[in-house]
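**Q** Right, I'll just put the structure down here and ask away after.
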Amino acid sequence: MALPRAAKTQRRTRIQEEKEERILEAALEVFSLHGFRGATIDHIAEVAGMSKPNLLYYFRTKEAMHRALIDRVLETWLDPLKAFDATGNPESEIRSYIRRKLEMARDFPRESRLFANEVLQGAPHIEDMLKGSLKSLVDEKAQVIRAWSKAGKIAKCDPYHLIFSIWSTTQHYADFDVQVRAVLGQENDGEGRFEDAARFLETLFVNGLRMRET
C-alpha cells in the first residue's frame, strides 16, 4: 500500500492524520471528476484548503495520492468478493454479493468512478495489482462457483463472466448515476432505486442460475 510521507515518520500526530485524510478527501473529489490526467496538485491543494508546499509535505507527488486512494478503494471494494463463502448456500451468497455491491455503489460513488477512470486509461498505475492479487482472488472464487455447478447446486455457467456481469450491473449505478437518475425521473430517482435494482438483479441472476427440471 502506498503510504503518505508523514506515515513513514516514527510518530504520527492526530493533526498529521487529519491533514492526510483532508488531502485524500480532496484528491478523491478531484480525481473522480477529472481523472488522473486531468487532476493537478494545485487543484487538489485548493480543494483541501491548503498551500501546495504543505500538501507536498504529506504526499510528494500526484501519483502517491492517487495510489493511496486506489489501494484504499480496492481494499474496500474487494471485501464483498472475499466474503463469498464456499460453504454457504449459493443463492444466499449471490444475493448477498449483489446487495453489498449495490450498497457500495450507493455509498462510494466517487471511489467507483475513480477506479473506472483508472481502468479506462489502461490501468497504468494498477496493472500489477489487476494481474496479481485481483486475478488470484477472482480465480479462487471462480473455483467456488465451478464447485457449486459441479455439485448440481447451480446451473452450469462461466464463473468469470458471472462475476464480470455482477460487477458491471451493480457499479453502473455509481458510474452512470446521472444517466440512471435522468431516465428514472424525479419521482423514481431517490434512494429507493437501489432497493429496486437489488430486487431486479437478484431475480435476474438467481433465476438464471437455478437448475432446470428435466
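Each chain in the C-alpha cells gets a letter, A, B, ..., in the order shown, and its residues are numbered from 1; ligands are numbered from 1 in order too.
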Excluding range 35-50 of chain A and residues on its chain fewer than 5 positions from it, collect all residues at most 9 Å away from it, counting only C-alpha atoms, and give them as a ChimeraX atom specification.

**A** /A:19,22-30,55-56,61-63,66,113-114,117-118,121

**Q** Would you mind exporting N, CA and C atoms of the selected residues as an mmCIF file, in the first residue's frame?

**A**
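Result went into result01.cif, see below:
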```
data_model
loop_
_atom_site.group_PDB
_atom_site.id
_atom_site.type_symbol
_atom_site.label_atom_id
_atom_site.label_comp_id
_atom_site.auth_asym_id
_atom_site.auth_seq_id
_atom_site.Cartn_x
_atom_site.Cartn_y
_atom_site.Cartn_z
ATOM 1 N N LYS A 19 -4.767 15.846 8.533
ATOM 2 C CA LYS A 19 -4.384 16.512 7.294
ATOM 3 C C LYS A 19 -4.267 15.517 6.139
ATOM 4 N N ARG A 22 -7.713 14.841 5.030
ATOM 5 C CA ARG A 22 -8.221 16.021 4.326
ATOM 6 C C ARG A 22 -7.693 16.061 2.892
ATOM 7 N N ILE A 23 -6.427 15.760 2.741
ATOM 8 C CA ILE A 23 -5.817 15.745 1.401
ATOM 9 C C ILE A 23 -6.425 14.634 0.557
ATOM 10 N N LEU A 24 -6.570 13.454 1.129
ATOM 11 C CA LEU A 24 -7.110 12.329 0.367
ATOM 12 C C LEU A 24 -8.569 12.563 -0.013
ATOM 13 N N GLU A 25 -9.324 13.202 0.861
ATOM 14 C CA GLU A 25 -10.716 13.532 0.544
ATOM 15 C C GLU A 25 -10.772 14.504 -0.634
ATOM 16 N N ALA A 26 -9.895 15.508 -0.617
ATOM 17 C CA ALA A 26 -9.837 16.468 -1.724
ATOM 18 C C ALA A 26 -9.370 15.784 -3.007
ATOM 19 N N ALA A 27 -8.373 14.918 -2.889
ATOM 20 C CA ALA A 27 -7.851 14.206 -4.061
ATOM 21 C C ALA A 27 -8.915 13.302 -4.659
ATOM 22 N N LEU A 28 -9.693 12.655 -3.802
ATOM 23 C CA LEU A 28 -10.768 11.795 -4.292
ATOM 24 C C LEU A 28 -11.777 12.597 -5.098
ATOM 25 N N GLU A 29 -12.127 13.754 -4.599
ATOM 26 C CA GLU A 29 -13.085 14.616 -5.297
ATOM 27 C C GLU A 29 -12.551 15.024 -6.671
ATOM 28 N N VAL A 30 -11.282 15.419 -6.720
ATOM 29 C CA VAL A 30 -10.696 15.896 -7.973
ATOM 30 C C VAL A 30 -10.464 14.748 -8.948
ATOM 31 N N LEU A 55 0.776 20.606 1.305
ATOM 32 C CA LEU A 55 0.275 19.346 0.761
ATOM 33 C C LEU A 55 1.425 18.415 0.385
ATOM 34 N N LEU A 56 2.444 18.972 -0.262
ATOM 35 C CA LEU A 56 3.562 18.153 -0.732
ATOM 36 C C LEU A 56 4.407 17.599 0.403
ATOM 37 N N THR A 61 3.933 13.505 -4.506
ATOM 38 C CA THR A 61 3.544 13.505 -5.910
ATOM 39 C C THR A 61 2.054 13.243 -6.054
ATOM 40 N N LYS A 62 1.554 13.577 -7.224
ATOM 41 C CA LYS A 62 0.165 13.259 -7.556
ATOM 42 C C LYS A 62 -0.021 11.751 -7.576
ATOM 43 N N GLU A 63 0.992 11.038 -8.054
ATOM 44 C CA GLU A 63 0.936 9.578 -8.115
ATOM 45 C C GLU A 63 0.764 8.961 -6.730
ATOM 46 N N HIS A 66 -2.833 9.364 -5.637
ATOM 47 C CA HIS A 66 -3.691 8.506 -6.450
ATOM 48 C C HIS A 66 -3.560 7.051 -6.015
ATOM 49 N N ARG A 113 -16.024 5.720 -9.462
ATOM 50 C CA ARG A 113 -15.623 6.471 -10.651
ATOM 51 C C ARG A 113 -14.105 6.636 -10.727
ATOM 52 N N LEU A 114 -13.468 6.771 -9.581
ATOM 53 C CA LEU A 114 -12.004 6.836 -9.548
ATOM 54 C C LEU A 114 -11.406 5.578 -10.170
ATOM 55 N N ASN A 117 -12.185 5.344 -13.974
ATOM 56 C CA ASN A 117 -11.318 6.232 -14.749
ATOM 57 C C ASN A 117 -9.938 5.631 -14.938
ATOM 58 N N GLU A 118 -9.416 5.019 -13.891
ATOM 59 C CA GLU A 118 -8.094 4.403 -13.976
ATOM 60 C C GLU A 118 -8.088 3.265 -15.004
ATOM 61 N N GLN A 121 -8.223 4.340 -18.616
ATOM 62 C CA GLN A 121 -6.946 4.865 -19.104
ATOM 63 C C GLN A 121 -5.922 3.757 -19.344
#
```

**Q** Wanna dump the range 151-195 of chain A-range 70-94 of chain A contacts at 10 Å for me, each residue with its shortest atom pair and the distance in Å to one decimal, counting only C-alpha atoms, ordered by chain and number, as JSON lines?

**A**
```
{"residue": "A:Lys153", "atom": "CA", "partner": "A:Pro90", "partner_atom": "CA", "distance": 7.1}
{"residue": "A:Ile154", "atom": "CA", "partner": "A:Pro90", "partner_atom": "CA", "distance": 7.3}
{"residue": "A:Ile163", "atom": "CA", "partner": "A:Leu81", "partner_atom": "CA", "distance": 9.2}
{"residue": "A:Ile166", "atom": "CA", "partner": "A:Ile94", "partner_atom": "CA", "distance": 9.3}
```

**Q** Convert the current residue selection to file output with C-alpha atoms, as a PDB file, in the first residue's frame.

**A**
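Dumped to selection.pdb:
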```pdb
ATOM      1  CA  LYS A 153     -26.375 -26.531  -6.769  1.00  0.00           C
ATOM      2  CA  ILE A 154     -26.489 -24.052  -9.649  1.00  0.00           C
ATOM      3  CA  ILE A 163     -18.553 -12.118 -11.730  1.00  0.00           C
ATOM      4  CA  ILE A 166     -22.384  -8.617 -11.363  1.00  0.00           C
TER       5      ILE A 166
END
```

**Q** Point out the residue among A:Ser168, A:Glu18, A:Thr203, A:Arg210 with the least atom-to-atom distance to Lys101 in chain A, counting only C-alpha atoms.

**A**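 Looking only at the distances to Lys101 in chain A, the closest residue turns out to be A:Ser168.
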
**Q** For Gln171 in chain A, please output as a VMD selection string all residues within 12 Å (counting only C-alpha atoms; exclusion window: fewer than 3 positions along the same chain).

**A** chain A and resid 77 98 to 116 164 to 168 174 to 177 180 194 197 to 198

**Q** Restricting the output to N, CA and C atoms, write the selected residues as a short mmCIF file (atom, residue, chain, number, x, y, z; two decimals), in the first residue's frame.

**A**
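Contents of again_38.cif, freshly written:
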```cif
data_model
loop_
_atom_site.label_atom_id
_atom_site.label_comp_id
_atom_site.auth_asym_id
_atom_site.auth_seq_id
_atom_site.Cartn_x
_atom_site.Cartn_y
_atom_site.Cartn_z
N TRP A 77 -13.42 -2.35 -1.85
CA TRP A 77 -14.22 -2.84 -2.97
C TRP A 77 -14.21 -4.36 -3.06
N ILE A 98 -24.62 -9.34 -4.48
CA ILE A 98 -25.27 -8.30 -5.28
C ILE A 98 -25.65 -7.12 -4.40
N ARG A 99 -26.23 -7.40 -3.25
CA ARG A 99 -26.68 -6.31 -2.36
C ARG A 99 -25.49 -5.52 -1.81
N ARG A 100 -24.43 -6.20 -1.45
CA ARG A 100 -23.26 -5.49 -0.92
C ARG A 100 -22.61 -4.62 -1.99
N LYS A 101 -22.59 -5.12 -3.21
CA LYS A 101 -22.02 -4.32 -4.30
C LYS A 101 -22.89 -3.09 -4.59
N LEU A 102 -24.19 -3.24 -4.52
CA LEU A 102 -25.08 -2.10 -4.72
C LEU A 102 -24.97 -1.09 -3.58
N GLU A 103 -24.79 -1.59 -2.37
CA GLU A 103 -24.59 -0.69 -1.23
C GLU A 103 -23.32 0.14 -1.42
N MET A 104 -22.30 -0.48 -1.98
CA MET A 104 -21.06 0.24 -2.23
C MET A 104 -21.24 1.26 -3.35
N ALA A 105 -22.02 0.91 -4.36
CA ALA A 105 -22.31 1.86 -5.44
C ALA A 105 -23.07 3.07 -4.88
N ARG A 106 -23.93 2.81 -3.93
CA ARG A 106 -24.72 3.89 -3.30
C ARG A 106 -23.85 4.75 -2.38
N ASP A 107 -23.00 4.10 -1.58
CA ASP A 107 -22.26 4.81 -0.54
C ASP A 107 -20.90 5.36 -0.99
N PHE A 108 -20.34 4.77 -2.06
CA PHE A 108 -19.00 5.18 -2.51
C PHE A 108 -18.95 5.44 -4.01
N PRO A 109 -19.81 6.33 -4.52
CA PRO A 109 -19.83 6.57 -5.97
C PRO A 109 -18.55 7.20 -6.50
N ARG A 110 -17.94 8.09 -5.72
CA ARG A 110 -16.70 8.72 -6.20
C ARG A 110 -15.57 7.70 -6.29
N GLU A 111 -15.52 6.79 -5.34
CA GLU A 111 -14.49 5.75 -5.38
C GLU A 111 -14.67 4.85 -6.59
N SER A 112 -15.91 4.54 -6.91
CA SER A 112 -16.18 3.72 -8.09
C SER A 112 -15.73 4.42 -9.36
N ARG A 113 -16.02 5.72 -9.46
CA ARG A 113 -15.62 6.47 -10.65
C ARG A 113 -14.11 6.64 -10.73
N LEU A 114 -13.47 6.77 -9.58
CA LEU A 114 -12.00 6.84 -9.55
C LEU A 114 -11.41 5.58 -10.17
N PHE A 115 -11.92 4.43 -9.75
CA PHE A 115 -11.41 3.16 -10.26
C PHE A 115 -11.73 3.00 -11.74
N ALA A 116 -12.95 3.36 -12.12
CA ALA A 116 -13.36 3.25 -13.53
C ALA A 116 -12.48 4.12 -14.42
N PHE A 164 -18.03 -10.81 -13.72
CA PHE A 164 -17.97 -9.57 -14.51
C PHE A 164 -19.36 -8.94 -14.63
N SER A 165 -20.36 -9.79 -14.85
CA SER A 165 -21.73 -9.29 -15.04
C SER A 165 -22.26 -8.62 -13.77
N ILE A 166 -21.95 -9.22 -12.63
CA ILE A 166 -22.38 -8.62 -11.36
C ILE A 166 -21.66 -7.30 -11.14
N TRP A 167 -20.37 -7.27 -11.45
CA TRP A 167 -19.63 -6.01 -11.33
C TRP A 167 -20.26 -4.92 -12.18
N SER A 168 -20.50 -5.25 -13.44
CA SER A 168 -20.96 -4.21 -14.38
C SER A 168 -22.36 -3.72 -14.04
N ALA A 174 -23.31 3.55 -9.83
CA ALA A 174 -22.39 4.59 -9.37
C ALA A 174 -21.78 5.34 -10.54
N ASP A 175 -21.25 4.60 -11.49
CA ASP A 175 -20.51 5.22 -12.60
C ASP A 175 -21.41 6.01 -13.54
N PHE A 176 -22.68 5.58 -13.66
CA PHE A 176 -23.62 6.25 -14.57
C PHE A 176 -24.82 6.79 -13.80
N ASP A 177 -24.56 7.26 -12.59
CA ASP A 177 -25.63 7.74 -11.71
C ASP A 177 -26.46 8.84 -12.36
N VAL A 180 -28.80 7.26 -14.86
CA VAL A 180 -29.84 6.48 -14.18
C VAL A 180 -30.92 7.40 -13.63
N PHE A 194 -32.02 1.92 -5.41
CA PHE A 194 -31.05 0.86 -5.12
C PHE A 194 -31.75 -0.42 -4.66
N ALA A 197 -33.23 -1.89 -7.74
CA ALA A 197 -32.17 -2.54 -8.51
C ALA A 197 -31.79 -3.88 -7.88
N ALA A 198 -31.70 -3.91 -6.56
CA ALA A 198 -31.32 -5.15 -5.86
C ALA A 198 -32.33 -6.26 -6.14
#
```

**Q** Of the candidates A:Tyr97, A:Phe31, A:Tyr173, A:Tyr57, which shows the shortest atom-to-atom distance to Val206 in chain A, using only C-alpha atoms?

**A** A:Tyr97

**Q** Could you tell me how far CA of Gln179 in chain A sits from CA of Ile126 in chain A, in Å to one decimal place?

**A** 27.6 Å

**Q** Please measure the separation of CA of Ile145 in chain A and CA of Leu120 in chain A, giving the value in Å to one decimal.

**A** 27.9 Å

**Q** From the set A:Val119, A:Tyr160, A:Leu184, A:Lys52, which residue has the shortest atom-to-atom contact distance to Lys141 in chain A, counting only C-alpha atoms?

**A** A:Tyr160
